[in-house]
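Undergrad: Below: one structure in structure tokens.
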Amino acid sequence: MITRIKASFIGIFSCLALSASLHQYDIRHFNPETGLNGTYVYTTIQGPQGYKWVGTDYGLTRFNGLDFELMDGNDSTKKNFTTAAYSDQGEIYFGYFNGQIKRFNGVGFQVLYKPENEQNSIVGIVRSNDQLVALTQNNGLLLISKDSVRYAQFAELKNQKANFIYEFQDFLLIGTNEGLLVFEYRQGTIQFTGRISGLEYMSVQTLEKSKEVDNAFWVGTDYGVYHLELNGDGRGGETYKTDYLETASITSIKETANFDLWIGTKYSGLVKIDFNRNNSKSRQFTYFNRKGGFPGDQISTLYRDADESLWIGTIGDGLIQVRKKGLLFYNFESFRARSVNSISGNSRHEFFFGTDVGLIKGFYTGQLDSVNFELIEHRATLGNNISAVFVDKKDQIYFAADDKGLYVSDATLRNFKKINFDHGKGSFKVRQILKDSEDNLWLSLHQKGVYVLDSQHNVINHFSTRTGFYHNEIYHIHFDKKGNTWFAAHGAGLAIMKPDSSIVYMTKEGLFPAHDVNDISEDEYGNIWIGTHGNGIYEYTGDEFVRVSTEEGLLNNYCNSIISDKNNHVWATHRTGLSRVDEFTEAVSTIQKKDGLMVTEFIHNSIYRDVDHNIWIGNRNGVTFLSTPDEIFESQIIKPIISDVKVNYAPMDLYRFSKQTEATGKVPEGLVFPYNYNNLTFEFISINLRNPTSNLYQFWLEGQESEWSPITNDNHITFTNLKPGDYTFYVRQSDNPNHWGDNIASLSFQVKPPWWNTWWAILLFILVGSLMIYSLIKWQTSRLRNRMNEKMRLISITESQNKRLKEFSFITSHNTRSSVSNIMGLISALESDPSNNEFIKMLRTSSDRLNLTIRHINDLLNFENDRESLDRVPCNVKNTIENILSANDELIQEKQAQVVVNVSDDLNVFGAPTYLQSALNNLISNALHYGITDESKVVRISAEKQVDEVEIQIEDHGIGIDLQRFGDKLFSLGARFHQKKSQGDGLGMFISRNQIEGMEGEISISSLPGKGTTVHIHLKSAG
């Protein structure tokens, strides 16, 4: 569990003093409850890959920002904990309490030195003159070369307790309990130079090189902090005691990039001294101790990492990480303020906030690094809504109180003067106050345009619609570096007044696309940035407007305020958070509540950049403070480490798959995996000690994929069943999904094919296969020749038999038909006797059905006989249908059917007229027999042309066909679907399909039982 202190400030009474406490810092506390082994921290260092190494009373631990890993569990005894660490040329050297020295090469540890007899703690390691020098606590120096380790003992160190060693040029500075000693390299040997005067007989416990002066140092003793300027020859120097922490026992000192000091004490916690060398503020102190809520008072070591975070080792309280917060929120609820309308400040680090309850002043006091706030108790401000405030170069404070007037005060806020000018009738509300280069005062008034007052506060210009100006409601005015004046309005958009006073109405003239503009800012390069109400942000470079919107990552297209920081990153406020545009990379990042933003609703045009480059933003009940935002919110793009590759889902010694013999890391180069070791899991991590949970990753496997993967927080990926081939795995990291750098890690590897898939095996298979194929072809050819001869003999016999069978079928059909005709003639003779009517009726029905069957058989035989020589000619569809209906008139009358024909006169198809009429007759006859019910007597026949074919539909609403049951038998020979009503022989549908297909057409049926049937016929169009 990581402890994080939130930055929420609660104001008290009318004067709000926020002490320089833990609230201004992000603090992470690590102890056994959060995964750290041990609570006594003796040394800490950041390794070449970014890992944080921590030596505790329980061993050496490595930290990746999220998890701790115990690296030398075998040495985690109180006689052998790590007391010193030094990173050099990609390796880390560790000194131990028992005198051992080890080297970590990225894979494992190597013991470089182990004392045989007397054990003496290693208190420091440095590199000097191409060799490592280790300082023991009581037994001099150890000189470590490539092949040997030897002692260098000095009388000056005898009977003294050594505390640390520091390398400077050719000198070695050694702090002891008796002062600070200087040694020098001379002619390849180390020789004693002298003691530093002014530090004799005191325990010198730490040393830090000053960044301001080349040969200056901060010296921590058991009795305060000293400043040392070393002589060029190393023989002494000028030393004086500082006036801070005069009685404290100093254990460690670290200087920041801007020359501030962090000082760790033995019993009094941690102190930060801000010298404010880049501004006019006085020296300020911040105290970190248990009394103020800090986790520990006994500081053992300090380490400042590459990201400017401070790591504090303690005695008994574990490890602490401290970093200045980028986001703070100052709450004005104690003043009952509900809106911070406007912000300005002066060069003396004082800030002025126009609120709905009056003017609030922010200021620093004394030597505490904290901001205090007070409500100005003057009748001109107290209880009034201060809608605008502005501080000029003379530190005069201008502010406007709604319906009260415009006021000016000197820097003391004791002398107030009301500025009277004629602003017309009606309410008085000022949106913005500012001054131009000629010291004229510009005022943007609500619904009254812009007034310009000279130094004597006389109105010299008034821009309004009455004077020909484009709008009366100006949201913002900006004077650019080229002498132009920019105006922002809603509805009318953007306008520019040039130095010659001519005005270009950018939106009105179609030169700028947005109609609602809220704010305007300018970066260091003179580029103009425009925040709009609904259209995002526009950058004007002098040639064109470039838009940045939600498509590029902007949090919202509605921008309340906009401002540029000192590194030309542009910040925009929204109702739900902040957006930052990086002008150089074009990357957009956002800050919301989940990122630590306490209040997300920001006031229009209430934004200010102070002389220290911090940004203040007005909220509903307070103000948001961005501390040096260009540095703290910079994107973290860190080259990932490919930490491991699991093979077939299990960890393995990867060197067995590589020819690399020297271990340089856990993952060697030139990995070659057998074909059955082709399930690979890549584990990777970017060491982000600032914000480890913000890491985003993308990966790409060249050889299988062609683009980067979707963004993920996962730091591992598995590829399964990789085919034989050459691959390269790429992975990259960012904390901004809209911006990815070039810090890409890669690993090339190969998956070998199985032996049977190698070139020589394939060649052998081809040779053997070719021989087998040749033999098989030769045998098969002989076999096929014999089978072909036999088939030809059988075909000849079959053709002869088929010919005789067809002749017999014709004779049989003819003779049968003659007999049927005779029977029908006899029936006609018998009909003369009325007593035979019932018998005659049955006999005629049977003979009719027999006659129909024989006719169908005869049609089928004729069709098969004529199929190959069938002559296809244009046939008129409507004439054919009318002929069929005429032939079936008796049946139509009997069924009382209503046949509706919807066919154009000129619709023709290619076909054989006889077969077309036969096929359609069968299908229409079926519709009349089975499609007429008591409920429906209608049969519809339609036809229409579709591109190069004609579709004919025959639709009825009769008893229908169960297609689920009979769908595969619709056109089968002898198929019947209505046993009780069936009057046919089961050949009609079969013959119709054959006749239609013989004319190169198609037939299909859609039907539902009890709902009816529709027949679809498709034939080639004849024009």
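Residue names in the structure tokens use chain letters A, B, ... in the order shown, residue numbers from 1 in each chain, and ligand numbers from 1 in the order shown.
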With only C-alpha atoms as the counted atoms, please give the residues lying no more than 8 Å from Gly665 of chain A, apart from itself and same-chain residues fewer than 5 positions off, as a PDB file with N, CA, C and O atoms, in the first residue's frame.
TA:
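The resulting file, out11.pdb, is reproduced below:
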ATOM      1  N   ASN A 105      26.198  -7.592 -12.623  1.00  0.00           N
ATOM      2  CA  ASN A 105      26.381  -7.314 -14.061  1.00  0.00           C
ATOM      3  C   ASN A 105      25.092  -7.340 -14.870  1.00  0.00           C
ATOM      4  O   ASN A 105      25.123  -7.365 -16.086  1.00  0.00           O
ATOM      5  N   GLY A 106      23.968  -7.331 -14.193  1.00  0.00           N
ATOM      6  CA  GLY A 106      22.682  -7.379 -14.881  1.00  0.00           C
ATOM      7  C   GLY A 106      22.045  -8.751 -14.826  1.00  0.00           C
ATOM      8  O   GLY A 106      20.851  -8.900 -15.095  1.00  0.00           O
ATOM      9  N   VAL A 107      22.847  -9.779 -14.517  1.00  0.00           N
ATOM     10  CA  VAL A 107      22.338 -11.147 -14.429  1.00  0.00           C
ATOM     11  C   VAL A 107      22.477 -11.685 -13.016  1.00  0.00           C
ATOM     12  O   VAL A 107      21.540 -12.223 -12.433  1.00  0.00           O
TER      13      VAL A 107
END
Undergrad: Which residues come within 9 Å of segment 235-240 of chain A, counting only C-alpha atoms, excluding same-chain residues fewer than 4 positions away, as number ranges by chain?
TA: A: 182, 193-199, 225-231
Undergrad: Save out the residues we just selected, N, CA, C and O atoms, as a PDB file, in the first residue's frame.
TA:
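Just written: selection_5.pdb:
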ATOM      1  N   VAL A 182      42.184  15.081   2.876  1.00  0.00           N
ATOM      2  CA  VAL A 182      42.324  15.166   1.434  1.00  0.00           C
ATOM      3  C   VAL A 182      43.491  14.294   1.000  1.00  0.00           C
ATOM      4  O   VAL A 182      44.598  14.414   1.543  1.00  0.00           O
ATOM      5  N   THR A 193      47.337  14.576   1.409  1.00  0.00           N
ATOM      6  CA  THR A 193      47.609  15.979   1.110  1.00  0.00           C
ATOM      7  C   THR A 193      47.471  16.861   2.342  1.00  0.00           C
ATOM      8  O   THR A 193      48.292  17.730   2.593  1.00  0.00           O
ATOM      9  N   GLY A 194      46.404  16.641   3.127  1.00  0.00           N
ATOM     10  CA  GLY A 194      46.233  17.453   4.316  1.00  0.00           C
ATOM     11  C   GLY A 194      44.817  17.389   4.848  1.00  0.00           C
ATOM     12  O   GLY A 194      43.937  16.711   4.304  1.00  0.00           O
ATOM     13  N   ARG A 195      44.603  18.120   5.919  1.00  0.00           N
ATOM     14  CA  ARG A 195      43.283  18.225   6.530  1.00  0.00           C
ATOM     15  C   ARG A 195      42.686  19.587   6.213  1.00  0.00           C
ATOM     16  O   ARG A 195      43.411  20.578   6.063  1.00  0.00           O
ATOM     17  N   ILE A 196      41.381  19.650   6.152  1.00  0.00           N
ATOM     18  CA  ILE A 196      40.685  20.909   5.908  1.00  0.00           C
ATOM     19  C   ILE A 196      40.546  21.645   7.237  1.00  0.00           C
ATOM     20  O   ILE A 196      39.930  21.128   8.188  1.00  0.00           O
ATOM     21  N   SER A 197      41.124  22.836   7.266  1.00  0.00           N
ATOM     22  CA  SER A 197      41.045  23.611   8.494  1.00  0.00           C
ATOM     23  C   SER A 197      39.622  24.100   8.708  1.00  0.00           C
ATOM     24  O   SER A 197      38.877  24.359   7.761  1.00  0.00           O
ATOM     25  N   GLY A 198      39.270  24.266   9.951  1.00  0.00           N
ATOM     26  CA  GLY A 198      37.927  24.689  10.309  1.00  0.00           C
ATOM     27  C   GLY A 198      36.992  23.532  10.566  1.00  0.00           C
ATOM     28  O   GLY A 198      35.886  23.727  11.076  1.00  0.00           O
ATOM     29  N   LEU A 199      37.439  22.321  10.208  1.00  0.00           N
ATOM     30  CA  LEU A 199      36.601  21.130  10.440  1.00  0.00           C
ATOM     31  C   LEU A 199      37.305  20.122  11.347  1.00  0.00           C
ATOM     32  O   LEU A 199      36.859  18.982  11.460  1.00  0.00           O
ATOM     33  N   VAL A 225      25.852  22.550   9.357  1.00  0.00           N
ATOM     34  CA  VAL A 225      26.244  22.542   7.951  1.00  0.00           C
ATOM     35  C   VAL A 225      27.330  23.593   7.728  1.00  0.00           C
ATOM     36  O   VAL A 225      27.199  24.746   8.159  1.00  0.00           O
ATOM     37  N   TYR A 226      28.379  23.173   7.007  1.00  0.00           N
ATOM     38  CA  TYR A 226      29.484  24.072   6.665  1.00  0.00           C
ATOM     39  C   TYR A 226      29.553  24.226   5.147  1.00  0.00           C
ATOM     40  O   TYR A 226      29.090  23.356   4.390  1.00  0.00           O
ATOM     41  N   HIS A 227      30.181  25.347   4.751  1.00  0.00           N
ATOM     42  CA  HIS A 227      30.434  25.595   3.330  1.00  0.00           C
ATOM     43  C   HIS A 227      31.942  25.639   3.119  1.00  0.00           C
ATOM     44  O   HIS A 227      32.667  26.319   3.842  1.00  0.00           O
ATOM     45  N   LEU A 228      32.398  24.864   2.096  1.00  0.00           N
ATOM     46  CA  LEU A 228      33.830  24.740   1.837  1.00  0.00           C
ATOM     47  C   LEU A 228      34.128  25.124   0.400  1.00  0.00           C
ATOM     48  O   LEU A 228      33.452  24.658  -0.528  1.00  0.00           O
ATOM     49  N   GLU A 229      35.156  25.998   0.219  1.00  0.00           N
ATOM     50  CA  GLU A 229      35.703  26.261  -1.102  1.00  0.00           C
ATOM     51  C   GLU A 229      37.133  25.753  -1.108  1.00  0.00           C
ATOM     52  O   GLU A 229      38.031  26.328  -0.478  1.00  0.00           O
ATOM     53  N   LEU A 230      37.362  24.645  -1.808  1.00  0.00           N
ATOM     54  CA  LEU A 230      38.647  23.946  -1.806  1.00  0.00           C
ATOM     55  C   LEU A 230      39.654  24.695  -2.673  1.00  0.00           C
ATOM     56  O   LEU A 230      39.330  25.176  -3.768  1.00  0.00           O
ATOM     57  N   ASN A 231      40.876  24.784  -2.185  1.00  0.00           N
ATOM     58  CA  ASN A 231      41.935  25.385  -2.977  1.00  0.00           C
ATOM     59  C   ASN A 231      42.252  24.523  -4.191  1.00  0.00           C
ATOM     60  O   ASN A 231      42.029  23.314  -4.187  1.00  0.00           O
TER      61      ASN A 231
END
Undergrad: Which residues are near segment 163-180 of chain A? Cut-off 7 Å, only C-alpha atoms, ignore same chain within fewer than 2 positions. Put them as a PyMOL selection string.
TA: chain A and resi 123-124+126+128+135+137+160-161+182-185+195-196+199-206
Undergrad: Contacts of Thr256 of chain A at 10 Å or less, counting only C-alpha atoms, minus same-chain residues fewer than 6 places along, as a list in words?
TA: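 That gives Ser210, Lys211, Trp262, Asp274, Arg304, Glu308, Ser309 and Leu310 of chain A.
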Undergrad: Give me a file of those residues, with N, CA, C and O atoms, as a PDB file, in the first residue's frame.
TA:
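Saved as result26.pdb:
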ATOM      1  N   SER A 210      28.794  21.565  -4.684  1.00  0.00           N
ATOM      2  CA  SER A 210      27.928  22.679  -5.060  1.00  0.00           C
ATOM      3  C   SER A 210      27.867  22.795  -6.578  1.00  0.00           C
ATOM      4  O   SER A 210      28.880  22.660  -7.263  1.00  0.00           O
ATOM      5  N   LYS A 211      26.693  23.089  -7.096  1.00  0.00           N
ATOM      6  CA  LYS A 211      26.521  23.244  -8.539  1.00  0.00           C
ATOM      7  C   LYS A 211      26.786  24.681  -8.991  1.00  0.00           C
ATOM      8  O   LYS A 211      26.862  24.951 -10.194  1.00  0.00           O
ATOM      9  N   TRP A 262      18.547  19.843   0.168  1.00  0.00           N
ATOM     10  CA  TRP A 262      17.838  18.899   1.025  1.00  0.00           C
ATOM     11  C   TRP A 262      18.849  18.406   2.054  1.00  0.00           C
ATOM     12  O   TRP A 262      19.934  17.935   1.695  1.00  0.00           O
ATOM     13  N   ASP A 274      15.096  26.470   0.300  1.00  0.00           N
ATOM     14  CA  ASP A 274      14.887  27.055  -1.024  1.00  0.00           C
ATOM     15  C   ASP A 274      15.534  28.440  -1.007  1.00  0.00           C
ATOM     16  O   ASP A 274      15.059  29.365  -0.353  1.00  0.00           O
ATOM     17  N   ARG A 304      19.035  11.541  -4.893  1.00  0.00           N
ATOM     18  CA  ARG A 304      18.203  12.253  -5.861  1.00  0.00           C
ATOM     19  C   ARG A 304      18.306  11.526  -7.194  1.00  0.00           C
ATOM     20  O   ARG A 304      19.396  11.391  -7.762  1.00  0.00           O
ATOM     21  N   GLU A 308      14.489  13.727 -10.498  1.00  0.00           N
ATOM     22  CA  GLU A 308      14.445  14.763  -9.468  1.00  0.00           C
ATOM     23  C   GLU A 308      13.610  14.374  -8.252  1.00  0.00           C
ATOM     24  O   GLU A 308      13.241  15.245  -7.456  1.00  0.00           O
ATOM     25  N   SER A 309      13.281  13.118  -8.105  1.00  0.00           N
ATOM     26  CA  SER A 309      12.645  12.673  -6.865  1.00  0.00           C
ATOM     27  C   SER A 309      13.729  12.458  -5.814  1.00  0.00           C
ATOM     28  O   SER A 309      14.852  12.044  -6.135  1.00  0.00           O
ATOM     29  N   LEU A 310      13.381  12.736  -4.566  1.00  0.00           N
ATOM     30  CA  LEU A 310      14.309  12.516  -3.465  1.00  0.00           C
ATOM     31  C   LEU A 310      13.917  11.242  -2.731  1.00  0.00           C
ATOM     32  O   LEU A 310      12.758  11.066  -2.349  1.00  0.00           O
TER      33      LEU A 310
END
Undergrad: My list of candidates is A:Phe977, A:Phe971, A:Tyr505, A:Trp218. Which is closest to Ile1003 of chain A when distances are computed with only C-alpha atoms?
TA: A:Phe971
Undergrad: Between A:Val133, A:Val581, A:Ile315, A:Leu1008, which is the closest to Gly38 of chain A once you count only C-alpha atoms?
TA: A:Ile315
Undergrad: Would you give me, as CSV, each residue of segment 574-669 of chain A having an atom within 12 Å of an atom of segment 538-546 of chain A, along with its shortest atom pair and that distance in Å to one decimal, using only C-alpha atoms and sorting by chain and residue number?
TA:
residue,atom,partner,partner_atom,distance
A:Val581,CA,A:Glu539,CA,10.4
A:Asp582,CA,A:Glu539,CA,11.8
A:Glu583,CA,A:Glu539,CA,9.4
A:Glu586,CA,A:Val546,CA,10.9
Undergrad: Restricted to N, CA, C and O atoms, what would the selected residues look like written as a PDB file, in the first residue's frame?
TA:
ATOM      1  N   VAL A 581      -1.185  21.161 -24.541  1.00  0.00           N
ATOM      2  CA  VAL A 581      -0.722  20.900 -25.895  1.00  0.00           C
ATOM      3  C   VAL A 581       0.780  21.169 -25.941  1.00  0.00           C
ATOM      4  O   VAL A 581       1.229  22.267 -25.605  1.00  0.00           O
ATOM      5  N   ASP A 582       1.547  20.146 -26.325  1.00  0.00           N
ATOM      6  CA  ASP A 582       2.989  20.297 -26.492  1.00  0.00           C
ATOM      7  C   ASP A 582       3.243  20.813 -27.910  1.00  0.00           C
ATOM      8  O   ASP A 582       2.997  20.116 -28.890  1.00  0.00           O
ATOM      9  N   GLU A 583       3.735  22.054 -28.014  1.00  0.00           N
ATOM     10  CA  GLU A 583       3.888  22.675 -29.324  1.00  0.00           C
ATOM     11  C   GLU A 583       4.900  21.930 -30.192  1.00  0.00           C
ATOM     12  O   GLU A 583       4.798  21.921 -31.414  1.00  0.00           O
ATOM     13  N   GLU A 586       3.347  18.115 -30.644  1.00  0.00           N
ATOM     14  CA  GLU A 586       1.932  18.146 -30.986  1.00  0.00           C
ATOM     15  C   GLU A 586       1.124  17.135 -30.166  1.00  0.00           C
ATOM     16  O   GLU A 586       0.008  16.787 -30.524  1.00  0.00           O
TER      17      GLU A 586
END
Undergrad: So, counting only C-alpha atoms, which residue among A:Val548, A:Lys659, A:Thr465, A:Arg414 is closest to Glu377 of chain A?
TA: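 Of A:Val548, A:Lys659, A:Thr465, A:Arg414, the one nearest Glu377 of chain A, counting only C-alpha atoms, is A:Arg414.
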Undergrad: Have a look at A:Asp610, A:Asp297, A:Asp422, A:Asp519 and name the one nearest to Lys448 of chain A; count only C-alpha atoms.
TA: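 Smallest separation from Lys448 of chain A among the options: A:Asp422.
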Undergrad: Identify, with DSSP run on backbone atoms, the residues in segment 109-200 of chain A assigned to strand (DSSP E or B), and express the list as a ChimeraX atom specification.
TA: /A:109-113,122-128,131-136,141-144,149-152,162-168,171-176,179-186,189-195
Undergrad: Identify, with DSSP run on backbone atoms, the residues in segment 408-625 of chain A assigned to helix (DSSP H, G or I), and express the list as number ranges by chain.
TA: A: 465-467, 550-552, 593-595
Undergrad: Counting only C-alpha atoms, figure out which residue out of A:Gln284, A:Gln733, A:Asn738, A:Asn98 gets nearest to Gly553 of chain A.
TA: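 Closest candidate: A:Asn738.
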Undergrad: From the set A:Phe94, A:Thr251, A:Pro629, A:Leu907, which residue has the shortest atom-to-atom contact distance to Ile263 of chain A, counting only C-alpha atoms?
TA: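 The shortest atom-to-atom distance to Ile263 of chain A comes from A:Thr251.
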Undergrad: One decimal, Å: what's the distance from atom CA of Gly931 of chain A over to atom CA of Leu885 of chain A, could you say?
TA: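 Value for the atom CA of Gly931 of chain A-atom CA of Leu885 of chain A distance: 15.1 Å.
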Undergrad: For Ile563 of chain A, list every protein, DNA or RNA residue within 10 Å, evaluated using only C-alpha atoms, and leave out those in the same chain fewer than 2 positions away; present the list as a PyMOL selection string.
TA: chain A and resi 519-523+529-531+561+565+568-573+580+605+607-609+615
